[in-house]
Every structure is written in C-alpha cells, then in structure tokens.
Amino acid sequence: MKGRGALAAPPSSFTRRKERILRLLAVPEGEYTDASPKGSVDEGIRVLIDGINGLEGFVTTSSCAGRVSVFREGRRKGGGVGDGDGEEGMDVEGERGKLAGVGGKGGGGNWLFVSHDPVPLEDGEPERDLEILLGLKEAENREAGGGRSGDGLRDGAAVRLVHFKFEPMILHVLTASPEHAQLLLRCGLQAGFRESGAVTLTAAAGEHQATPMVAIRSMGLSFESLIGYQSDDDSGRIQCTVSSDYLRTLIRIGNERFIENTKRIERFRAALMGATQPSSKNGDAWEDTETRRRRKREEGLKRKEMLEKNKTEDTKVAGMEDEALDIPLDEDLT
C-alpha cells in the first residue's frame with residue numbers, strides 16, 4: 001500500500017463531485033436531512049467521516065454507524081395478483097401498488113424502532129415494557145400485542161413479519177483511483193470489515209480514470225430474529241411471538257455487538273489515518289503488516305551482523321594494541 005504522497009492526483013471530475021458532497025455535509029445538523037430513518041449523519045462515526053473527507057482522493061457518500069432496529073415487513077399479498085420484489089398487485093384498499101419482495105422491503109414496510117446507540121438495560125431498574133419500547137404495541141393499550149399465539153402461520157404471504165436486527169457500520173466512500181480504493185479496502189479488511197468491496201473499477205464513458213466506490217462493511221456482527229407478525233385479519237394488531245426475557249436477551253446481544261463495532265470503527269480509522277501519512281523512517285512508502293514485519297526482521301539481522309562485525313574488529317584492535325605494548329622495558333628505542 002502506498003502513502004498519500006505516492007498516490008495519483010485526483011481527476012477533476014472526482015474533485016467536483018467531492019466539492020458537491022462536502023457542501024451538503026456542511027449544512028447545519030438541524031437543517032440536514034437524508035434518506036435514512038434517522039435523517040442525518042450518525043454521531044458515532046462523525047469523527048471518522050470528517051477524517052476521511054479531509055484526505056485527498058476520498059469522500060464519503062453514505063454511512064450508518066450501526067444500529068439495532070425492529071422492522072415490520074411490507075405486504076406480500078394484496079387483493080389481486082402480483083407477488084415478489086417490484087411486482088404490482090392490489091393492496092388491501094383495492095388500489096394497485098407495489099408489494100414487498102422476499103426480504104420484506106417495499107409494500108409499506110417500516111421501522112418500528114431504531115437506535116444507533118446501545119439500548120440502556122440497567123440491572124435493578126423497574127421492569128420495562130419492552131414491547132412498548134420496541135414499538136410492538138401502543139403505550140395506551142398494553143394488552144394489544146401481549147398475547148402469544150400457539151398456532152403456526154398458515155399463510156406466510158398473508159402476514160407481515162416483524163424482525164429484530166443488529167447491523168454494524170456500513171460506509172460508502174468514493175475514491176479518486178483504483179490505488180486509493182485498494183488502500184481503503186486493505187484498511188477495512190485489516191480492521192475486521194471482511195465483506196468490504198469495490199465497484200466501478202473501470203473508467204466510465206468519457207472519463208480517463210476510474211473512480212471506484214468502496215463499501216466498508218461486515219456481516220460477521222449482524223444478527224436477526226423474528227419476534228412477531230401482523231395479520232391482515234387482526235385489525236392491524238402486532239402479535240409478539242416471544243417473551244419479554246427473550247426480547248431483553250436480544251437487546252443485550254445487540255449492546256455487546258455495539259461495543260465490538262465501535263472497536264472496529266476505531267481500528268479502521270487509525271489504520272487509514274496511518275496509511276495516508278508518509279513514514280518518517282521509510283520515505284512515502286506505506287507498509288502492510290507482513291511487509292513491515294519482514295522489514296523489521298531484516299533490519300534486526302543487519303543490526304546483529306553489524307554488532308558482531310564491530311565486536312570482531314574491536315577484538316582485533318585490542319590484540320594489536322596488546323602487541324604494540326608488548327615491548328621489554330629495557331629495550332633501547334633510540
């Protein structure tokens with residue numbers, strides 16, 4: 001990997017795009033909005049984003065610091081034909097519209113709860129109604145979703161499943177060249193974001209240089225659990241299918257994943273900041289872990305060889321001095 005001083009200068013097309021993106025990010029937080037459920041940049045990665053955007057040849061385009069969420073799928077089955085991602089069907093009011101795909105997105109799917117920080121669960125605190133906290137039932141109707149259904153779902157397409165999810169950080173970064181992308185990817189992989197990748201590795205039509213988009217992400221910390229469903233014939237009521245203890249366990253696991261996610265984010269930030277700074281001892285060249293280990297080993301062997309050489313020379317000099325001083329005291333030197 002190369003340091004910042006060795007990377008090619010960004011093309012003008014990249015510089016213009018970066019300037020537009022940074023103008024949007026410079027909008028005051030109270031006025032800035034985006035397409036995410038939160039609607040703004042997550043506080044947990046603001047330092048990372050500012051650091052990346054301060055580097056030549058990199059600019060962030062979208063991000064999420066990591067989150068726990070409860071998601072209700074969209075409608076999979078309407079009053080008419082049509083099922084699957086992007087297909088049309090008749091919704092429950094008889095109007096034609098999009099139905100949810102296999103993953104549940106579309107068709108009116110929505111988040112019931114989202115947090116980009118650990119959810120407080122203090123030991124010894126009064127028992128919290130976790131179904132209300134997670135949006136599974138209304139506070140004014142504590143019995144609305146509290147039941148447990150013993151029957152299996154007879155028609156999976158006729159219900160909207162409810163998922164509890166933890167998703168770690170995901171970050172999209174536009175880079176000025178394949179070399180910039182490679183540097184960013186290596187830092188992400190070394191930090192534990194092992195599903196990271198890049199697209200647009202060849203120049204677009206009319207462009208002289210590719211500007212790859214890099215996704216820094218990891219599926220290793222993700223987890224998901226079904227916790228309920230909503231039936232069309234259930235008056236809109238969400239049926240929670242797990243106990244409060246199970247919900248509490250899911251939240252605790254999510255909080256633990258947040259801690260590890262934060263550690264990986266900091267490792268990535270430190271690796272990238274280090275990789276883009278010239279080495280004071282090794283010029284502008286950046287070294288990955290294996291190259292640095294090999295260089296250190298070679299330097300150690302050279303130092304050892306030099307010490308042994310100096311020791312041998314010192315021994316020879318000492319012997320010569322002894323010989324030079326081995327002169328009888330009564331020797332006539334005149």
# chains A, B, ... in the order shown; residues from 1 in each chain; ligands from 1
>>> residues_around(residues="segment 14-27 of chain A", least_positions_apart="6", cutoff="8 Å", atoms="only C-alpha atoms", output="list in words")
Asn53, Gly57, Phe58, Val59, Thr61, Thr175, Ala176 and Thr211 of chain A
>>> write_last_selection(atoms="all heavy atoms", output="PDB file, in the first residue's frame")
ATOM      1  N   ASN A  53     -13.027  12.586   4.819  1.00  0.00           N
ATOM      2  CA  ASN A  53     -13.283  13.695   3.896  1.00  0.00           C
ATOM      3  C   ASN A  53     -12.175  14.744   3.914  1.00  0.00           C
ATOM      4  O   ASN A  53     -12.088  15.567   2.998  1.00  0.00           O
ATOM      5  CB  ASN A  53     -14.626  14.345   4.216  1.00  0.00           C
ATOM      6  CG  ASN A  53     -15.796  13.441   3.888  1.00  0.00           C
ATOM      7  OD1 ASN A  53     -15.688  12.557   3.042  1.00  0.00           O
ATOM      8  ND2 ASN A  53     -16.911  13.632   4.567  1.00  0.00           N
ATOM      9  N   GLY A  57      -8.520  12.608  -2.264  1.00  0.00           N
ATOM     10  CA  GLY A  57      -8.820  11.391  -3.009  1.00  0.00           C
ATOM     11  C   GLY A  57      -9.899  10.523  -2.399  1.00  0.00           C
ATOM     12  O   GLY A  57     -10.181   9.438  -2.917  1.00  0.00           O
ATOM     13  N   PHE A  58     -10.548  10.966  -1.325  1.00  0.00           N
ATOM     14  CA  PHE A  58     -11.601  10.189  -0.669  1.00  0.00           C
ATOM     15  C   PHE A  58     -12.756  11.116  -0.300  1.00  0.00           C
ATOM     16  O   PHE A  58     -12.534  12.252   0.125  1.00  0.00           O
ATOM     17  CB  PHE A  58     -11.099   9.516   0.610  1.00  0.00           C
ATOM     18  CG  PHE A  58      -9.912   8.615   0.429  1.00  0.00           C
ATOM     19  CD1 PHE A  58      -8.624   9.115   0.580  1.00  0.00           C
ATOM     20  CD2 PHE A  58     -10.071   7.279   0.100  1.00  0.00           C
ATOM     21  CE1 PHE A  58      -7.521   8.302   0.419  1.00  0.00           C
ATOM     22  CE2 PHE A  58      -8.967   6.455  -0.067  1.00  0.00           C
ATOM     23  CZ  PHE A  58      -7.691   6.964   0.088  1.00  0.00           C
ATOM     24  N   VAL A  59     -13.995  10.614  -0.408  1.00  0.00           N
ATOM     25  CA  VAL A  59     -15.155  11.344   0.093  1.00  0.00           C
ATOM     26  C   VAL A  59     -16.272  10.344   0.374  1.00  0.00           C
ATOM     27  O   VAL A  59     -16.531   9.437  -0.412  1.00  0.00           O
ATOM     28  CB  VAL A  59     -15.627  12.428  -0.905  1.00  0.00           C
ATOM     29  CG1 VAL A  59     -16.112  11.813  -2.215  1.00  0.00           C
ATOM     30  CG2 VAL A  59     -16.711  13.297  -0.288  1.00  0.00           C
ATOM     31  N   THR A  61     -20.051   8.977   0.778  1.00  0.00           N
ATOM     32  CA  THR A  61     -21.316   9.251   0.097  1.00  0.00           C
ATOM     33  C   THR A  61     -22.530   8.797   0.906  1.00  0.00           C
ATOM     34  O   THR A  61     -23.617   9.349   0.750  1.00  0.00           O
ATOM     35  CB  THR A  61     -21.353   8.562  -1.275  1.00  0.00           C
ATOM     36  OG1 THR A  61     -21.224   7.146  -1.109  1.00  0.00           O
ATOM     37  CG2 THR A  61     -20.217   9.076  -2.163  1.00  0.00           C
ATOM     38  N   THR A 175     -13.735   7.017  -4.272  1.00  0.00           N
ATOM     39  CA  THR A 175     -12.279   7.188  -4.288  1.00  0.00           C
ATOM     40  C   THR A 175     -11.814   7.704  -5.638  1.00  0.00           C
ATOM     41  O   THR A 175     -12.474   7.516  -6.661  1.00  0.00           O
ATOM     42  CB  THR A 175     -11.561   5.859  -3.977  1.00  0.00           C
ATOM     43  OG1 THR A 175     -11.919   4.888  -4.974  1.00  0.00           O
ATOM     44  CG2 THR A 175     -11.952   5.337  -2.606  1.00  0.00           C
ATOM     45  N   ALA A 176     -10.653   8.355  -5.645  1.00  0.00           N
ATOM     46  CA  ALA A 176     -10.165   9.033  -6.842  1.00  0.00           C
ATOM     47  C   ALA A 176      -9.499   8.110  -7.846  1.00  0.00           C
ATOM     48  O   ALA A 176      -9.306   8.489  -9.004  1.00  0.00           O
ATOM     49  CB  ALA A 176      -9.189  10.139  -6.446  1.00  0.00           C
ATOM     50  N   THR A 211     -13.049   5.946 -10.924  1.00  0.00           N
ATOM     51  CA  THR A 211     -13.198   6.448  -9.549  1.00  0.00           C
ATOM     52  C   THR A 211     -14.060   5.443  -8.783  1.00  0.00           C
ATOM     53  O   THR A 211     -15.272   5.605  -8.663  1.00  0.00           O
ATOM     54  CB  THR A 211     -13.839   7.841  -9.538  1.00  0.00           C
ATOM     55  OG1 THR A 211     -15.084   7.790 -10.245  1.00  0.00           O
ATOM     56  CG2 THR A 211     -12.936   8.870 -10.188  1.00  0.00           C
TER      57      THR A 211
END
>>> residues_around(residues="Gly220 of chain A", least_positions_apart="5", cutoff="10 Å", atoms="only C-alpha atoms", output="count of residues only")
7
>>> closest_residue(among="A:Leu226, A:Met169, A:Val114, A:Ile251", to="Gly135 of chain A", atoms="only C-alpha atoms")
A:Val114
>>> closest_residue(among="A:Met273, A:Leu189, A:Ala6, A:Ala65", to="Pro118 of chain A", atoms="only C-alpha atoms")
A:Ala65
>>> atom_distance(atom1="atom CA of Val68 of chain A", atom2="atom CA of Phe166 of chain A")
4.4 Å
>>> select_by_dssp(residues="segment 154-322 of chain A", states="strand (DSSP E)", output="compact mmCIF listing (two decimals) with N, CA, C and O atoms, in the first residue's frame")
# COMPACT_ATOMS: atom_id res chain seq x y z
N VAL A 159 -49.24 -12.41 6.00
CA VAL A 159 -48.85 -11.71 7.23
C VAL A 159 -47.63 -10.85 6.95
O VAL A 159 -46.89 -11.07 5.99
N ARG A 160 -47.42 -9.88 7.82
CA ARG A 160 -46.24 -9.02 7.75
C ARG A 160 -45.35 -9.39 8.94
O ARG A 160 -45.69 -9.12 10.10
N LEU A 161 -44.23 -10.02 8.68
CA LEU A 161 -43.34 -10.46 9.74
C LEU A 161 -42.61 -9.28 10.36
O LEU A 161 -42.34 -8.27 9.70
N VAL A 162 -42.28 -9.42 11.65
CA VAL A 162 -41.58 -8.37 12.40
C VAL A 162 -40.23 -8.92 12.83
O VAL A 162 -40.14 -9.97 13.47
N HIS A 163 -39.16 -8.20 12.48
CA HIS A 163 -37.78 -8.64 12.73
C HIS A 163 -37.10 -7.74 13.74
O HIS A 163 -37.25 -6.52 13.69
N PHE A 164 -36.30 -8.33 14.61
CA PHE A 164 -35.34 -7.59 15.43
C PHE A 164 -33.98 -7.77 14.77
O PHE A 164 -33.56 -8.90 14.49
N LYS A 165 -33.26 -6.65 14.53
CA LYS A 165 -32.00 -6.72 13.80
C LYS A 165 -30.89 -5.94 14.50
O LYS A 165 -31.15 -4.91 15.13
N PHE A 166 -29.67 -6.45 14.38
CA PHE A 166 -28.49 -5.62 14.64
C PHE A 166 -27.67 -5.58 13.36
O PHE A 166 -27.37 -6.62 12.76
N GLU A 167 -27.29 -4.38 12.95
CA GLU A 167 -26.49 -4.18 11.74
C GLU A 167 -25.28 -3.32 12.08
O GLU A 167 -25.46 -2.21 12.61
N ILE A 170 -21.77 0.49 8.14
CA ILE A 170 -21.56 0.38 6.71
C ILE A 170 -21.23 1.77 6.19
O ILE A 170 -21.85 2.76 6.61
N LEU A 171 -20.24 1.84 5.34
CA LEU A 171 -19.74 3.12 4.87
C LEU A 171 -19.43 3.03 3.38
O LEU A 171 -18.76 2.09 2.94
N HIS A 172 -19.94 3.96 2.60
CA HIS A 172 -19.63 4.03 1.17
C HIS A 172 -18.73 5.23 0.92
O HIS A 172 -19.05 6.35 1.34
N VAL A 173 -17.61 4.98 0.26
CA VAL A 173 -16.62 6.03 0.01
C VAL A 173 -16.28 6.06 -1.47
O VAL A 173 -15.88 5.04 -2.05
N LEU A 174 -16.42 7.22 -2.07
CA LEU A 174 -15.98 7.42 -3.45
C LEU A 174 -14.49 7.72 -3.44
O LEU A 174 -14.03 8.56 -2.65
N THR A 175 -13.74 7.02 -4.27
CA THR A 175 -12.28 7.19 -4.29
C THR A 175 -11.81 7.70 -5.64
O THR A 175 -12.47 7.52 -6.66
N GLY A 197 -15.83 -4.25 -0.22
CA GLY A 197 -15.58 -4.46 -1.64
C GLY A 197 -15.65 -3.15 -2.40
O GLY A 197 -15.93 -2.09 -1.82
N ALA A 198 -15.40 -3.22 -3.70
CA ALA A 198 -15.39 -2.03 -4.54
C ALA A 198 -16.08 -2.31 -5.86
O ALA A 198 -16.05 -3.45 -6.36
N VAL A 199 -16.70 -1.29 -6.42
CA VAL A 199 -17.33 -1.38 -7.74
C VAL A 199 -16.84 -0.20 -8.59
O VAL A 199 -16.16 0.69 -8.09
N MET A 213 -16.13 3.08 -6.20
CA MET A 213 -16.92 3.26 -4.98
C MET A 213 -16.61 2.07 -4.06
O MET A 213 -16.76 0.92 -4.47
N VAL A 214 -16.19 2.36 -2.84
CA VAL A 214 -15.80 1.31 -1.90
C VAL A 214 -16.85 1.22 -0.80
O VAL A 214 -17.27 2.24 -0.24
N ALA A 215 -17.26 0.00 -0.48
CA ALA A 215 -18.16 -0.25 0.64
C ALA A 215 -17.37 -0.92 1.76
O ALA A 215 -16.79 -1.99 1.55
N ILE A 216 -17.33 -0.28 2.92
CA ILE A 216 -16.69 -0.85 4.10
C ILE A 216 -17.79 -1.45 4.95
O ILE A 216 -18.66 -0.74 5.47
N PHE A 223 -26.96 -9.81 13.19
CA PHE A 223 -27.87 -10.91 13.54
C PHE A 223 -29.30 -10.42 13.43
O PHE A 223 -29.58 -9.23 13.44
N GLU A 224 -30.22 -11.38 13.31
CA GLU A 224 -31.62 -11.06 13.09
C GLU A 224 -32.48 -12.15 13.69
O GLU A 224 -32.13 -13.33 13.66
N SER A 225 -33.62 -11.75 14.25
CA SER A 225 -34.53 -12.72 14.84
C SER A 225 -35.97 -12.27 14.60
O SER A 225 -36.30 -11.09 14.73
N LEU A 226 -36.83 -13.22 14.21
CA LEU A 226 -38.25 -12.92 14.09
C LEU A 226 -38.87 -12.83 15.49
O LEU A 226 -38.66 -13.71 16.33
N ILE A 227 -39.63 -11.77 15.74
CA ILE A 227 -40.21 -11.59 17.08
C ILE A 227 -41.72 -11.41 17.03
O ILE A 227 -42.35 -11.28 18.10
N GLY A 228 -42.30 -11.37 15.83
CA GLY A 228 -43.75 -11.21 15.79
C GLY A 228 -44.26 -11.13 14.36
O GLY A 228 -43.51 -11.30 13.40
N TYR A 229 -45.56 -10.86 14.24
CA TYR A 229 -46.16 -10.72 12.92
C TYR A 229 -47.45 -9.90 13.05
O TYR A 229 -48.00 -9.71 14.14
N GLN A 230 -47.91 -9.43 11.92
CA GLN A 230 -49.18 -8.70 11.85
C GLN A 230 -50.02 -9.32 10.75
O GLN A 230 -49.60 -9.38 9.59
N SER A 231 -51.21 -9.79 11.11
CA SER A 231 -52.10 -10.43 10.13
C SER A 231 -53.08 -9.41 9.57
O SER A 231 -53.47 -8.46 10.24
N ILE A 238 -50.16 -6.09 16.12
CA ILE A 238 -48.95 -6.88 16.02
C ILE A 238 -48.96 -7.95 17.10
O ILE A 238 -49.17 -7.65 18.28
N GLN A 239 -48.75 -9.17 16.69
CA GLN A 239 -48.72 -10.29 17.63
C GLN A 239 -47.26 -10.60 17.95
O GLN A 239 -46.50 -11.06 17.09
N CYS A 240 -46.83 -10.31 19.17
CA CYS A 240 -45.47 -10.65 19.60
C CYS A 240 -45.40 -12.13 19.92
O CYS A 240 -46.23 -12.65 20.67
>>> closest_residue(among="A:Leu201, A:Leu133, A:Leu247, A:Ala210", to="Pro10 of chain A", atoms="only C-alpha atoms")
A:Ala210
>>> residues_around(residues="Phe268 of chain A", least_positions_apart="3", cutoff="6 Å", atoms="only C-alpha atoms", output="list in words")
Cys187, Gly188, Ala191, Ile265 and Ala271 of chain A
